[in-house]
$ cat work-v1.pdb   # PDB, C-alpha atoms
ATOM      1  CA  ALA A   1     -26.502  -2.054  -3.218
ATOM      2  CA  LEU A   2     -23.424  -3.227  -1.345
ATOM      3  CA  GLU A   3     -23.013  -0.129   0.858
ATOM      4  CA  THR A   4     -25.243   2.952   1.276
ATOM      5  CA  GLN A   5     -24.847   3.899   4.954
ATOM      6  CA  GLN A   6     -21.231   5.044   5.091
ATOM      7  CA  ARG A   7     -18.742   6.639   2.734
ATOM      8  CA  ALA A   8     -17.007   3.748   1.052
ATOM      9  CA  SER A   9     -14.702   3.002  -1.867
ATOM     10  CA  TRP A  10     -12.782   0.367  -3.857
ATOM     11  CA  ALA A  11     -14.889  -2.773  -3.481
ATOM     12  CA  ARG A  12     -13.371  -6.059  -4.631
ATOM     13  CA  LEU A  13     -15.086  -9.449  -4.574
ATOM     14  CA  ALA A  14     -14.321 -13.165  -4.604
ATOM     15  CA  ARG A  15     -16.558 -16.193  -5.051
ATOM     16  CA  LEU A  16     -16.158 -18.818  -2.334
ATOM     17  CA  LYS A  17     -16.208 -22.572  -2.815
ATOM     18  CA  THR A  18     -19.634 -22.520  -1.130
ATOM     19  CA  GLY A  19     -20.992 -20.405  -3.987
ATOM     20  CA  ASP A  20     -21.299 -17.336  -1.753
ATOM     21  CA  TRP A  21     -19.571 -14.070  -2.636
ATOM     22  CA  LEU A  22     -17.333 -12.041  -0.336
ATOM     23  CA  ALA A  23     -16.878  -8.290  -0.746
ATOM     24  CA  ALA A  24     -14.190  -6.175   0.921
ATOM     25  CA  TYR A  25     -13.939  -2.395   0.720
ATOM     26  CA  ALA A  26     -12.715   0.698   2.545
ATOM     27  CA  VAL A  27     -15.023   2.719   4.808
ATOM     28  CA  PHE A  28     -14.250   6.238   5.985
ATOM     29  CA  GLY A  29     -15.360   7.819   9.260
ATOM     30  CA  ASP A  30     -14.771  11.198  10.840
ATOM     31  CA  SER A  31     -11.083  10.558  11.559
ATOM     32  CA  THR A  32      -8.281  10.216   9.030
ATOM     33  CA  ASP A  33      -8.196   6.457   9.606
ATOM     34  CA  SER A  34      -9.984   4.205   7.132
ATOM     35  CA  ARG A  35     -11.034   0.624   7.778
ATOM     36  CA  ILE A  36     -11.849  -2.505   5.782
ATOM     37  CA  ARG A  37     -15.396  -3.866   5.879
ATOM     38  CA  VAL A  38     -16.324  -7.365   4.702
ATOM     39  CA  LYS A  39     -19.772  -8.581   3.639
ATOM     40  CA  ARG A  40     -21.159 -11.825   2.211
ATOM     41  CA  SER A  41     -23.851 -12.565  -0.358
ATOM     42  CA  SER A  42     -25.617 -15.923  -0.623
ATOM     43  CA  ASP A  43     -27.867 -14.924  -3.547
ATOM     44  CA  ASN A  44     -25.360 -14.010  -6.249
ATOM     45  CA  MET A  45     -24.799 -10.399  -5.124
ATOM     46  CA  ARG A  46     -28.489  -9.455  -4.843
ATOM     47  CA  SER A  47     -28.271  -8.849  -1.080
ATOM     48  CA  TRP A  48     -25.445  -8.572   1.452
ATOM     49  CA  THR A  49     -24.808  -9.416   5.111
ATOM     50  CA  PHE A  50     -22.172  -7.776   7.304
ATOM     51  CA  LEU A  51     -19.418 -10.142   8.468
ATOM     52  CA  THR A  52     -16.585  -8.127   9.986
ATOM     53  CA  GLU A  53     -14.636  -4.869   9.967
ATOM     54  CA  PHE A  54     -11.058  -4.129  10.983
ATOM     55  CA  GLY A  55      -8.503  -1.342  10.996
ATOM     56  CA  GLU A  56      -5.030  -0.394  12.182
ATOM     57  CA  SER A  57      -4.673   2.425  14.688
ATOM     58  CA  GLY A  58      -3.307   5.585  13.084
ATOM     59  CA  ARG A  59      -3.184   4.055   9.596
ATOM     60  CA  GLN A  60      -5.333   4.311   6.479
ATOM     61  CA  LEU A  61      -6.441   1.016   4.906
ATOM     62  CA  ASP A  62      -7.723   0.822   1.323
ATOM     63  CA  ASN A  63      -7.314  -1.057  -1.981
ATOM     64  CA  ALA A  64      -8.753  -4.317  -0.643
ATOM     65  CA  ASN A  65      -8.410  -7.438  -2.783
ATOM     66  CA  LEU A  66      -9.645 -10.979  -2.099
ATOM     67  CA  VAL A  67      -8.819 -14.510  -3.184
ATOM     68  CA  GLN A  68      -9.810 -17.919  -1.817
ATOM     69  CA  LEU A  69      -7.050 -20.509  -2.031
ATOM     70  CA  SER A  70      -7.456 -24.162  -2.933
ATOM     71  CA  ASN A  71      -7.175 -25.123   0.756
ATOM     72  CA  GLY A  72     -10.104 -22.845   1.651
ATOM     73  CA  ASP A  73      -8.114 -20.004   3.233
ATOM     74  CA  VAL A  74      -9.270 -16.537   2.211
ATOM     75  CA  LEU A  75      -6.525 -13.952   1.710
ATOM     76  CA  LEU A  76      -7.296 -10.238   1.846
ATOM     77  CA  ALA A  77      -4.638  -7.838   0.578
ATOM     78  CA  VAL A  78      -4.721  -4.167   1.594
ATOM     79  CA  ARG A  79      -2.733  -0.992   1.227
ATOM     80  CA  SER A  80      -1.862   0.419   4.672
ATOM     81  CA  LEU A  81      -0.242   3.830   5.100
ATOM     82  CA  VAL A  82       0.693   6.735   7.299
ATOM     83  CA  ASP A  83       0.963   9.504   4.723
ATOM     84  CA  LYS A  84       4.560  10.435   3.837
ATOM     85  CA  LYS A  85       5.882   8.175   6.613
ATOM     86  CA  SER A  86       5.014   4.510   6.135
ATOM     87  CA  TYR A  87       3.621   2.523   3.196
ATOM     88  CA  ARG A  88       2.756  -1.194   3.158
ATOM     89  CA  VAL A  89       0.910  -3.743   1.066
ATOM     90  CA  GLN A  90       0.039  -6.634   3.323
ATOM     91  CA  ILE A  91      -2.062  -9.736   3.818
ATOM     92  CA  TYR A  92      -4.796 -10.731   6.237
ATOM     93  CA  LYS A  93      -6.086 -14.314   6.345
ATOM     94  CA  SER A  94      -9.434 -15.880   7.195
ATOM     95  CA  VAL A  95      -9.918 -19.583   7.892
ATOM     96  CA  ASP A  96     -13.707 -19.300   8.328
ATOM     97  CA  ASN A  97     -14.894 -18.000   4.931
ATOM     98  CA  GLY A  98     -14.435 -14.350   5.813
ATOM     99  CA  ARG A  99     -16.071 -14.082   9.221
ATOM    100  CA  ASP A 100     -12.777 -13.119  10.857
ATOM    101  CA  PHE A 101      -9.409 -11.963   9.503
ATOM    102  CA  LYS A 102      -5.993 -12.036  11.168
ATOM    103  CA  PHE A 103      -2.810 -10.311  10.010
ATOM    104  CA  LEU A 104      -0.536 -12.701   8.089
ATOM    105  CA  SER A 105       2.320 -10.947   6.254
ATOM    106  CA  VAL A 106       3.759  -7.888   4.524
ATOM    107  CA  ILE A 107       4.222  -8.221   0.766
ATOM    108  CA  ASP A 108       6.322  -5.070   0.439
ATOM    109  CA  ALA A 109       6.819  -1.823   2.365
ATOM    110  CA  ASN A 110       8.609   1.500   2.562
ATOM    111  CA  GLU A 111       9.108   2.602   6.159
ATOM    112  CA  THR A 112      11.611   5.354   5.305
ATOM    113  CA  ALA A 113       9.504   7.830   3.321
ATOM    114  CA  ASN A 114      10.790  10.695   5.508
ATOM    115  CA  GLY A 115       8.147  13.123   4.271
ATOM    116  CA  ALA A 116       8.658  12.386   0.582
ATOM    117  CA  ASP A 117       5.870  11.986  -1.965
ATOM    118  CA  ASN A 118       5.739   9.244  -4.582
ATOM    119  CA  VAL A 119       7.580   6.542  -2.660
ATOM    120  CA  GLY A 120       4.669   4.275  -1.704
ATOM    121  CA  VAL A 121       3.278   0.849  -2.566
ATOM    122  CA  TRP A 122      -0.343   0.592  -3.667
ATOM    123  CA  GLU A 123      -3.249  -1.362  -5.159
ATOM    124  CA  PRO A 124      -2.409  -5.025  -4.461
ATOM    125  CA  PHE A 125      -4.002  -7.790  -6.525
ATOM    126  CA  LEU A 126      -3.888 -11.481  -5.569
ATOM    127  CA  LEU A 127      -4.058 -14.573  -7.760
ATOM    128  CA  GLU A 128      -3.504 -18.243  -6.911
ATOM    129  CA  LEU A 129      -1.286 -19.749  -9.617
ATOM    130  CA  SER A 130      -1.425 -23.305  -8.236
ATOM    131  CA  PRO A 131      -2.331 -24.795  -4.844
ATOM    132  CA  ASN A 132      -0.695 -22.641  -2.141
ATOM    133  CA  LYS A 133       1.300 -20.662  -4.749
ATOM    134  CA  VAL A 134       0.078 -17.060  -4.745
ATOM    135  CA  ALA A 135       1.050 -14.120  -6.941
ATOM    136  CA  ALA A 136       0.733 -10.574  -5.589
ATOM    137  CA  PHE A 137       0.827  -7.674  -8.050
ATOM    138  CA  TYR A 138       1.019  -4.055  -6.882
ATOM    139  CA  ALA A 139       1.954  -0.518  -7.941
ATOM    140  CA  ASN A 140       5.398   0.376  -6.622
ATOM    141  CA  GLU A 141       6.995   3.836  -6.331
ATOM    142  CA  LYS A 142      10.025   2.696  -4.327
ATOM    143  CA  HIS A 143      12.294   2.946  -7.392
ATOM    144  CA  SER A 144      11.413   6.607  -8.049
ATOM    145  CA  LYS A 145      14.574   7.831  -6.297
ATOM    146  CA  ALA A 146      16.865   5.216  -7.843
ATOM    147  CA  VAL A 147      19.345   5.732 -10.677
ATOM    148  CA  PRO A 148      17.984   5.182 -13.246
ATOM    149  CA  ALA A 149      14.631   6.283 -11.818
ATOM    150  CA  PHE A 150      11.304   4.555 -12.387
ATOM    151  CA  SER A 151       8.456   6.853 -11.316
ATOM    152  CA  GLN A 152       6.222   3.819 -10.705
ATOM    153  CA  ILE A 153       6.233   0.201 -11.824
ATOM    154  CA  ILE A 154       4.021  -2.841 -11.465
ATOM    155  CA  SER A 155       5.816  -5.302  -9.221
ATOM    156  CA  GLU A 156       4.995  -8.936  -8.536
ATOM    157  CA  LYS A 157       6.025 -11.248  -5.728
ATOM    158  CA  ILE A 158       5.372 -14.970  -5.335
ATOM    159  CA  SER A 159       4.482 -16.872  -2.181
ATOM    160  CA  ILE A 160       4.806 -20.658  -2.112
ATOM    161  CA  ASP A 161       3.331 -21.011   1.383
ATOM    162  CA  GLY A 162      -0.126 -19.521   0.990
ATOM    163  CA  GLY A 163       0.874 -15.898   1.550
ATOM    164  CA  ALA A 164       2.926 -16.342   4.731
ATOM    165  CA  THR A 165       6.219 -15.290   3.099
ATOM    166  CA  TRP A 166       7.115 -13.630  -0.207
ATOM    167  CA  GLY A 167       9.946 -14.027  -2.703
ATOM    168  CA  ALA A 168      12.006 -11.533  -4.665
ATOM    169  CA  GLU A 169      10.449  -8.658  -6.574
ATOM    170  CA  ILE A 170       9.582  -9.245 -10.242
ATOM    171  CA  ARG A 171       9.232  -6.189 -12.494
ATOM    172  CA  ALA A 172       6.121  -7.104 -14.469
ATOM    173  CA  VAL A 173       5.771  -3.683 -16.146
ATOM    174  CA  ALA A 174       8.550  -1.100 -15.790
ATOM    175  CA  GLU A 175       9.648   1.814 -17.954
ATOM    176  CA  LYS A 176      12.327   4.326 -16.980
ATOM    177  CA  GLY A 177      11.397   7.946 -16.429
ATOM    178  CA  LYS A 178       7.912   9.421 -15.990
ATOM    179  CA  SER A 179       5.871   6.348 -16.919
ATOM    180  CA  ARG A 180       3.559   5.191 -14.112
ATOM    181  CA  PRO A 181       1.928   1.802 -14.769
ATOM    182  CA  GLY A 182      -0.454   0.938 -11.934
ATOM    183  CA  GLU A 183      -3.757  -0.483 -10.682
ATOM    184  CA  PRO A 184      -3.009  -4.020 -11.914
ATOM    185  CA  ASN A 185      -5.545  -6.810 -12.246
ATOM    186  CA  VAL A 186      -4.911 -10.220 -13.764
ATOM    187  CA  VAL A 187      -7.138 -12.873 -15.308
ATOM    188  CA  LYS A 188      -6.280 -16.434 -16.284
ATOM    189  CA  LEU A 189      -7.573 -17.508 -19.674
ATOM    190  CA  PRO A 190      -8.969 -20.992 -20.380
ATOM    191  CA  ASN A 191      -5.898 -21.637 -22.575
ATOM    192  CA  GLY A 192      -3.614 -21.129 -19.563
ATOM    193  CA  ASN A 193      -2.275 -17.681 -20.450
ATOM    194  CA  TYR A 194      -2.546 -14.744 -18.055
ATOM    195  CA  VAL A 195      -3.655 -11.234 -19.043
ATOM    196  CA  LEU A 196      -2.563  -8.251 -16.942
ATOM    197  CA  PHE A 197      -4.718  -5.106 -17.266
ATOM    198  CA  TYR A 198      -3.316  -1.790 -15.975
ATOM    199  CA  GLU A 199      -3.218   1.973 -16.449
ATOM    200  CA  VAL A 200      -0.242   4.077 -17.498
ATOM    201  CA  CYS A 201      -0.156   7.582 -16.040
ATOM    202  CA  GLY A 202       2.710  10.072 -16.077
ATOM    203  CA  SER A 203       3.913   9.527 -19.638
ATOM    204  CA  GLU A 204       0.283   8.976 -20.696
ATOM    205  CA  ASN A 205      -3.098  10.209 -19.467
ATOM    206  CA  CYS A 206      -3.816   7.070 -17.418
ATOM    207  CA  VAL A 207      -4.599   5.089 -20.566
ATOM    208  CA  GLY A 208      -5.349   1.364 -20.300
ATOM    209  CA  HIS A 209      -2.921  -1.347 -21.418
ATOM    210  CA  LEU A 210      -2.605  -5.117 -21.266
ATOM    211  CA  SER A 211       0.273  -7.581 -21.137
ATOM    212  CA  VAL A 212       0.261 -11.362 -21.570
ATOM    213  CA  SER A 213       2.238 -14.092 -19.796
ATOM    214  CA  LYS A 214       2.260 -17.847 -20.302
ATOM    215  CA  ASN A 215       2.631 -18.592 -16.584
ATOM    216  CA  GLY A 216       1.703 -15.428 -14.659
ATOM    217  CA  ILE A 217       5.326 -14.939 -13.568
ATOM    218  CA  ASP A 218       7.415 -14.232 -16.667
ATOM    219  CA  TRP A 219       6.486 -10.884 -18.257
ATOM    220  CA  SER A 220       8.228  -8.817 -20.914
ATOM    221  CA  GLY A 221       8.525  -5.908 -18.492
ATOM    222  CA  LYS A 222       7.535  -3.544 -21.294
ATOM    223  CA  ILE A 223       4.294  -1.587 -21.589
ATOM    224  CA  GLY A 224       1.904  -3.741 -23.581
ATOM    225  CA  ALA A 225      -0.901  -3.156 -26.068
ATOM    226  CA  SER A 226      -3.184  -0.168 -25.580
ATOM    227  CA  VAL A 227      -6.778  -0.558 -24.392
ATOM    228  CA  PRO A 228      -8.729   2.413 -25.857
ATOM    229  CA  ASP A 229     -11.433   4.565 -24.240
ATOM    230  CA  VAL A 230     -10.059   3.876 -20.767
ATOM    231  CA  PHE A 231      -9.128   6.402 -18.079
ATOM    232  CA  GLN A 232      -7.724   5.171 -14.749
ATOM    233  CA  ASN A 233      -8.461   1.823 -13.138
ATOM    234  CA  PRO A 234      -8.867  -0.459 -16.191
ATOM    235  CA  GLN A 235     -10.525  -3.530 -14.716
ATOM    236  CA  GLY A 236     -11.075  -6.477 -17.036
ATOM    237  CA  ILE A 237     -12.482  -9.973 -17.145
ATOM    238  CA  ALA A 238     -12.159 -12.706 -19.765
ATOM    239  CA  LEU A 239     -15.279 -14.603 -20.825
ATOM    240  CA  ASP A 240     -13.202 -16.973 -22.965
ATOM    241  CA  ASP A 241      -9.747 -16.993 -24.587
ATOM    242  CA  LYS A 242     -10.594 -14.040 -26.841
ATOM    243  CA  THR A 243     -13.529 -12.173 -25.272
ATOM    244  CA  PHE A 244     -12.498  -9.461 -22.807
ATOM    245  CA  VAL A 245     -14.731  -6.886 -21.080
ATOM    246  CA  VAL A 246     -13.171  -3.792 -19.486
ATOM    247  CA  THR A 247     -14.392  -0.806 -17.509
ATOM    248  CA  SER A 248     -12.591   2.155 -15.943
ATOM    249  CA  ASN A 249     -13.171   5.480 -14.227
ATOM    250  CA  ASN A 250     -14.449   7.056 -17.448
ATOM    251  CA  VAL A 251     -17.667   4.953 -17.043
ATOM    252  CA  LYS A 252     -17.495   3.301 -20.463
ATOM    253  CA  VAL A 253     -17.790  -0.459 -20.893
ATOM    254  CA  ILE A 254     -15.761  -1.829 -23.800
ATOM    255  CA  PHE A 255     -15.249  -5.342 -25.116
ATOM    256  CA  SER A 256     -12.960  -7.228 -27.446
ATOM    257  CA  ARG A 257     -13.710 -10.478 -29.264
ATOM    258  CA  ASP A 258     -10.182 -10.942 -30.610
ATOM    259  CA  ALA A 259      -8.045 -11.003 -27.447
ATOM    260  CA  GLY A 260      -7.530  -7.248 -27.353
ATOM    261  CA  LYS A 261      -6.607  -6.572 -30.982
ATOM    262  CA  SER A 262      -9.741  -4.445 -31.496
ATOM    263  CA  TRP A 263     -12.350  -2.993 -29.149
ATOM    264  CA  GLN A 264     -15.991  -1.916 -29.273
ATOM    265  CA  GLU A 265     -17.961   0.271 -26.906
ATOM    266  CA  ASN A 266     -21.008  -1.153 -25.148
ATOM    267  CA  SER A 267     -23.769   0.668 -23.282
ATOM    268  CA  GLN A 268     -22.544   1.961 -19.923
ATOM    269  CA  ALA A 269     -23.958   0.700 -16.637
ATOM    270  CA  PHE A 270     -23.696   3.905 -14.569
ATOM    271  CA  ASP A 271     -23.612   7.674 -15.133
ATOM    272  CA  PHE A 272     -20.575   7.894 -12.860
ATOM    273  CA  SER A 273     -18.096   5.229 -11.857
ATOM    274  CA  SER A 274     -15.186   5.253  -9.413
ATOM    275  CA  TRP A 275     -12.851   2.286  -8.918
ATOM    276  CA  GLY A 276     -15.248  -0.246 -10.433
ATOM    277  CA  ALA A 277     -14.612  -3.915 -11.204
ATOM    278  CA  PHE A 278     -16.242  -6.719 -13.213
ATOM    279  CA  TYR A 279     -17.167 -10.237 -12.066
ATOM    280  CA  GLN A 280     -18.872 -13.119 -13.850
ATOM    281  CA  THR A 281     -21.860 -14.305 -11.823
ATOM    282  CA  LYS A 282     -23.524 -16.786 -14.208
ATOM    283  CA  PRO A 283     -22.632 -18.422 -17.539
ATOM    284  CA  ASN A 284     -24.329 -15.511 -19.335
ATOM    285  CA  GLU A 285     -24.213 -12.752 -16.693
ATOM    286  CA  ILE A 286     -21.605 -10.286 -15.462
ATOM    287  CA  ALA A 287     -21.744  -7.821 -12.575
ATOM    288  CA  LEU A 288     -20.175  -4.367 -12.381
ATOM    289  CA  ILE A 289     -19.611  -3.000  -8.877
ATOM    290  CA  THR A 290     -18.563   0.613  -8.471
ATOM    291  CA  GLY A 291     -18.749   3.782  -6.422
ATOM    292  CA  THR A 292     -21.495   6.089  -7.666
ATOM    293  CA  LYS A 293     -20.847   9.502  -6.102
ATOM    294  CA  LYS A 294     -18.729  11.979  -8.025
ATOM    295  CA  ILE A 295     -17.604  14.103  -5.086
ATOM    296  CA  GLU A 296     -15.320  12.016  -2.893
ATOM    297  CA  SER A 297     -16.322  13.862   0.287
ATOM    298  CA  GLU A 298     -19.966  12.868  -0.198
ATOM    299  CA  ARG A 299     -21.297   9.530   0.979
ATOM    300  CA  ASN A 300     -20.052   7.195  -1.731
ATOM    301  CA  GLN A 301     -22.538   4.407  -2.404
ATOM    302  CA  LEU A 302     -21.252   1.078  -3.669
ATOM    303  CA  MET A 303     -23.712  -0.207  -6.227
ATOM    304  CA  ILE A 304     -23.954  -3.259  -8.506
ATOM    305  CA  ARG A 305     -25.598  -3.669 -11.898
ATOM    306  CA  PHE A 306     -25.924  -6.880 -13.874
ATOM    307  CA  GLY A 307     -25.587  -7.395 -17.614
ATOM    308  CA  LYS A 308     -26.289 -10.281 -19.977
ATOM    309  CA  PHE A 309     -23.964 -11.454 -22.719
ATOM    310  CA  THR A 310     -23.706 -14.066 -25.463
ATOM    311  CA  LEU A 311     -20.484 -15.508 -26.840
TER     312      LEU A 311
END

$ encode --input "work-v1.pdb" --output "structure tokens"
Amino acid sequence: ALETQQRASWARLARLKTGDWLAAYAVFGDSTDSRIRVKRSSDNMRSWTFLTEFGESGRQLDNANLVQLSNGDVLLAVRSLVDKKSYRVQIYKSVDNGRDFKFLSVIDANETANGADNVGVWEPFLLELSPNKVAAFYANEKHSKAVPAFSQIISEKISIDGGATWGAEIRAVAEKGKSRPGEPNVVKLPNGNYVLFYEVCGSENCVGHLSVSKNGIDWSGKIGASVPDVFQNPQGIALDDKTFVVTSNNVKVIFSRDAGKSWQENSQAFDFSSWGAFYQTKPNEIALITGTKKIESERNQLMIRFGKFTL
């Protein structure tokens, strides 16, 4: 178990150069504010130690995502909001392997919501493309009032200074109208290609999709191939160039051995899953971390199960 004492959600992990794992996730108290808690495991996710917790007064933090850069810095991306007023995706940095985090930068924001719905930025995902060059992917509703309108797109920005500043917006997945691609996560294949997993709501029932890029920056912009048996939050990993494993909020675990051309269903790890994610822990082992309570107002335990695989 990662968290059993407080209502928690959306855990995301990163393996440090030391071999330890960091986990970051949102915790919810009695107030409307939510905070980010960070823990560390030194035994491959079997047990966890509290490191730190932080928040922003009057704001709700969630959608944590972690990456350790080549220079050792740990970046933690979060979604920070005041509902219908202010939306941000931003970066905190640790220089001591996650024991302490300081605010670093804003990736993107909308400070002029003015009471409107569907104008936020959400669900950041970080990936180091090369030393000190970081890609940030996120769901973006800021174009929903534009002409032509995009209800939601997956945007990407690049930092060439370790997350301190960010370049122009790249539209990684964008379709005019009701389509709502979101909840992006990206894996780099051994052959150098990048695979972007995401959901599409609005025009579809939050079905999973994937897109491929040769460099993690240049994308077709179109909605890519479908990933079946997925509902919300399609989170994938690649075990080699062709073997992908994906989970989502419908609990199922599916895998492909032909780079996403066909899929098979595997036994599921949990009876209920909310905002889960996969990580490879050993050459033949993967871990699925997820929330395990169905009613969001209940205490939401963050649990981990391990599975074996052969290629």

$ residues_near_point --input "work-v1.pdb" --point "(-17.6, -1.7, -19.8)" --cutoff "10 Å" --atoms "only C-alpha atoms" --output "list of chain:residue names"
A:Asp229, A:Val230, A:Pro234, A:Gln235, A:Gly236, A:Phe244, A:Val245, A:Val246, A:Thr247, A:Ser248, A:Asn250, A:Val251, A:Lys252, A:Val253, A:Ile254, A:Phe255, A:Gln264, A:Glu265, A:Asn266, A:Ser267, A:Gln268, A:Ala269, A:Phe270, A:Gly276, A:Ala277, A:Phe278, A:Leu288

$ write_last_selection --input "work-v1.pdb" --atoms "C-alpha atoms" --output "compact mmCIF listing (two decimals), keeping the file's coordinate frame"
# COMPACT_ATOMS: atom_id res chain seq x y z
CA ASP A 229 -11.43 4.57 -24.24
CA VAL A 230 -10.06 3.88 -20.77
CA PRO A 234 -8.87 -0.46 -16.19
CA GLN A 235 -10.52 -3.53 -14.72
CA GLY A 236 -11.08 -6.48 -17.04
CA PHE A 244 -12.50 -9.46 -22.81
CA VAL A 245 -14.73 -6.89 -21.08
CA VAL A 246 -13.17 -3.79 -19.49
CA THR A 247 -14.39 -0.81 -17.51
CA SER A 248 -12.59 2.15 -15.94
CA ASN A 250 -14.45 7.06 -17.45
CA VAL A 251 -17.67 4.95 -17.04
CA LYS A 252 -17.50 3.30 -20.46
CA VAL A 253 -17.79 -0.46 -20.89
CA ILE A 254 -15.76 -1.83 -23.80
CA PHE A 255 -15.25 -5.34 -25.12
CA GLN A 264 -15.99 -1.92 -29.27
CA GLU A 265 -17.96 0.27 -26.91
CA ASN A 266 -21.01 -1.15 -25.15
CA SER A 267 -23.77 0.67 -23.28
CA GLN A 268 -22.54 1.96 -19.92
CA ALA A 269 -23.96 0.70 -16.64
CA PHE A 270 -23.70 3.90 -14.57
CA GLY A 276 -15.25 -0.25 -10.43
CA ALA A 277 -14.61 -3.92 -11.20
CA PHE A 278 -16.24 -6.72 -13.21
CA LEU A 288 -20.18 -4.37 -12.38

$ resolve_selection --input "work-v1.pdb" --expression "the PyMOL selection byres ((chain A and resi 18) around 12)" --output "ChimeraX atom specification"
/A:14-17,19-22,40-44,68,72,96-98

$ write_last_selection --input "work-v1.pdb" --atoms "C-alpha atoms" --output "PDB file, keeping the file's coordinate frame"
ATOM      1  CA  ALA A  14     -14.321 -13.165  -4.604  1.00  0.00           C
ATOM      2  CA  ARG A  15     -16.558 -16.193  -5.051  1.00  0.00           C
ATOM      3  CA  LEU A  16     -16.158 -18.818  -2.334  1.00  0.00           C
ATOM      4  CA  LYS A  17     -16.208 -22.572  -2.815  1.00  0.00           C
ATOM      5  CA  GLY A  19     -20.992 -20.405  -3.987  1.00  0.00           C
ATOM      6  CA  ASP A  20     -21.299 -17.336  -1.753  1.00  0.00           C
ATOM      7  CA  TRP A  21     -19.571 -14.070  -2.636  1.00  0.00           C
ATOM      8  CA  LEU A  22     -17.333 -12.041  -0.336  1.00  0.00           C
ATOM      9  CA  ARG A  40     -21.159 -11.825   2.211  1.00  0.00           C
ATOM     10  CA  SER A  41     -23.851 -12.565  -0.358  1.00  0.00           C
ATOM     11  CA  SER A  42     -25.617 -15.923  -0.623  1.00  0.00           C
ATOM     12  CA  ASP A  43     -27.867 -14.924  -3.547  1.00  0.00           C
ATOM     13  CA  ASN A  44     -25.360 -14.010  -6.249  1.00  0.00           C
ATOM     14  CA  GLN A  68      -9.810 -17.919  -1.817  1.00  0.00           C
ATOM     15  CA  GLY A  72     -10.104 -22.845   1.651  1.00  0.00           C
ATOM     16  CA  ASP A  96     -13.707 -19.300   8.328  1.00  0.00           C
ATOM     17  CA  ASN A  97     -14.894 -18.000   4.931  1.00  0.00           C
ATOM     18  CA  GLY A  98     -14.435 -14.350   5.813  1.00  0.00           C
TER      19      GLY A  98
END

$ closest_residue --input "work-v1.pdb" --among "A:Arg305, A:Lys102, A:His143, A:Arg12" --to "A:Val119" --atoms "all atoms listed in the file"
A:His143

$ closest_residue --input "work-v1.pdb" --among "A:Thr32, A:Asn300, A:Thr52, A:Asn205" --to "A:Arg7" --atoms "all atoms listed in the file"
A:Asn300

$ atom_distance --input "work-v1.pdb" --atom1 "atom CA of A:Pro131" --atom2 "atom CA of A:Gly163"
11.4 Å

$ resolve_selection --input "work-v1.pdb" --expression "the PyMOL selection byres ((chain A and resi 111-118) around 6)" --output "tab-separated table (two decimals) with C-alpha atoms, keeping the file's coordinate frame"
chain	number	residue	atom	x	y	z
A	84	LYS	CA	4.56	10.44	3.84
A	85	LYS	CA	5.88	8.18	6.61
A	86	SER	CA	5.01	4.51	6.14
A	110	ASN	CA	8.61	1.50	2.56
A	119	VAL	CA	7.58	6.54	-2.66
A	120	GLY	CA	4.67	4.28	-1.70
A	141	GLU	CA	7.00	3.84	-6.33

$ closest_residue --input "work-v1.pdb" --among "A:Lys157, A:Lys93, A:Arg99, A:Arg59" --to "A:Ser80" --atoms "all atoms listed in the file"
A:Arg59

$ resolve_selection --input "work-v1.pdb" --expression "the PyMOL selection byres ((chain A and resi 176) around 8)" --output "PyMOL selection string"
chain A and resi 148-151+174-175+177-179

$ residues_around --input "work-v1.pdb" --residues "A:Asn249" --least-positions-apart "6" --cutoff "12 Å" --atoms "only C-alpha atoms" --output "PyMOL selection string"
chain A and resi 10+183+199+206-208+229-235+268+270-277+289-294

$ atom_distance --input "work-v1.pdb" --atom1 "atom CA of A:Ala136" --atom2 "atom CA of A:Ile237"
17.6 Å

$ closest_residue --input "work-v1.pdb" --among "A:Leu311, A:Val38, A:Glu123, A:Val147" --to "A:Phe101" --atoms "all atoms listed in the file"
A:Val38

$ build_atoms --input "work-v1.pdb" --residues "stretch 222-229 of chain A" --atoms "N, CA and C atoms" --output "CSV table (one decimal), keeping the file's coordinate frame"
chain,number,residue,atom,x,y,z
A,222,LYS,N,7.9,-4.7,-20.5
A,222,LYS,CA,7.5,-3.5,-21.3
A,222,LYS,C,6.0,-3.2,-21.2
A,223,ILE,N,5.7,-2.0,-21.5
A,223,ILE,CA,4.3,-1.6,-21.6
A,223,ILE,C,3.7,-2.3,-22.8
A,224,GLY,N,2.5,-2.9,-22.6
A,224,GLY,CA,1.9,-3.7,-23.6
A,224,GLY,C,0.9,-3.0,-24.4
A,225,ALA,N,0.1,-3.7,-25.1
A,225,ALA,CA,-0.9,-3.2,-26.1
A,225,ALA,C,-1.9,-2.2,-25.4
A,226,SER,N,-2.3,-1.2,-26.1
A,226,SER,CA,-3.2,-0.2,-25.6
A,226,SER,C,-4.6,-0.7,-25.5
A,227,VAL,N,-5.3,-0.3,-24.5
A,227,VAL,CA,-6.8,-0.6,-24.4
A,227,VAL,C,-7.5,0.8,-24.5
A,228,PRO,N,-8.2,1.1,-25.6
A,228,PRO,CA,-8.7,2.4,-25.9
A,228,PRO,C,-9.9,2.8,-25.0
A,229,ASP,N,-10.3,4.1,-25.0
A,229,ASP,CA,-11.4,4.6,-24.2
A,229,ASP,C,-11.4,4.2,-22.8
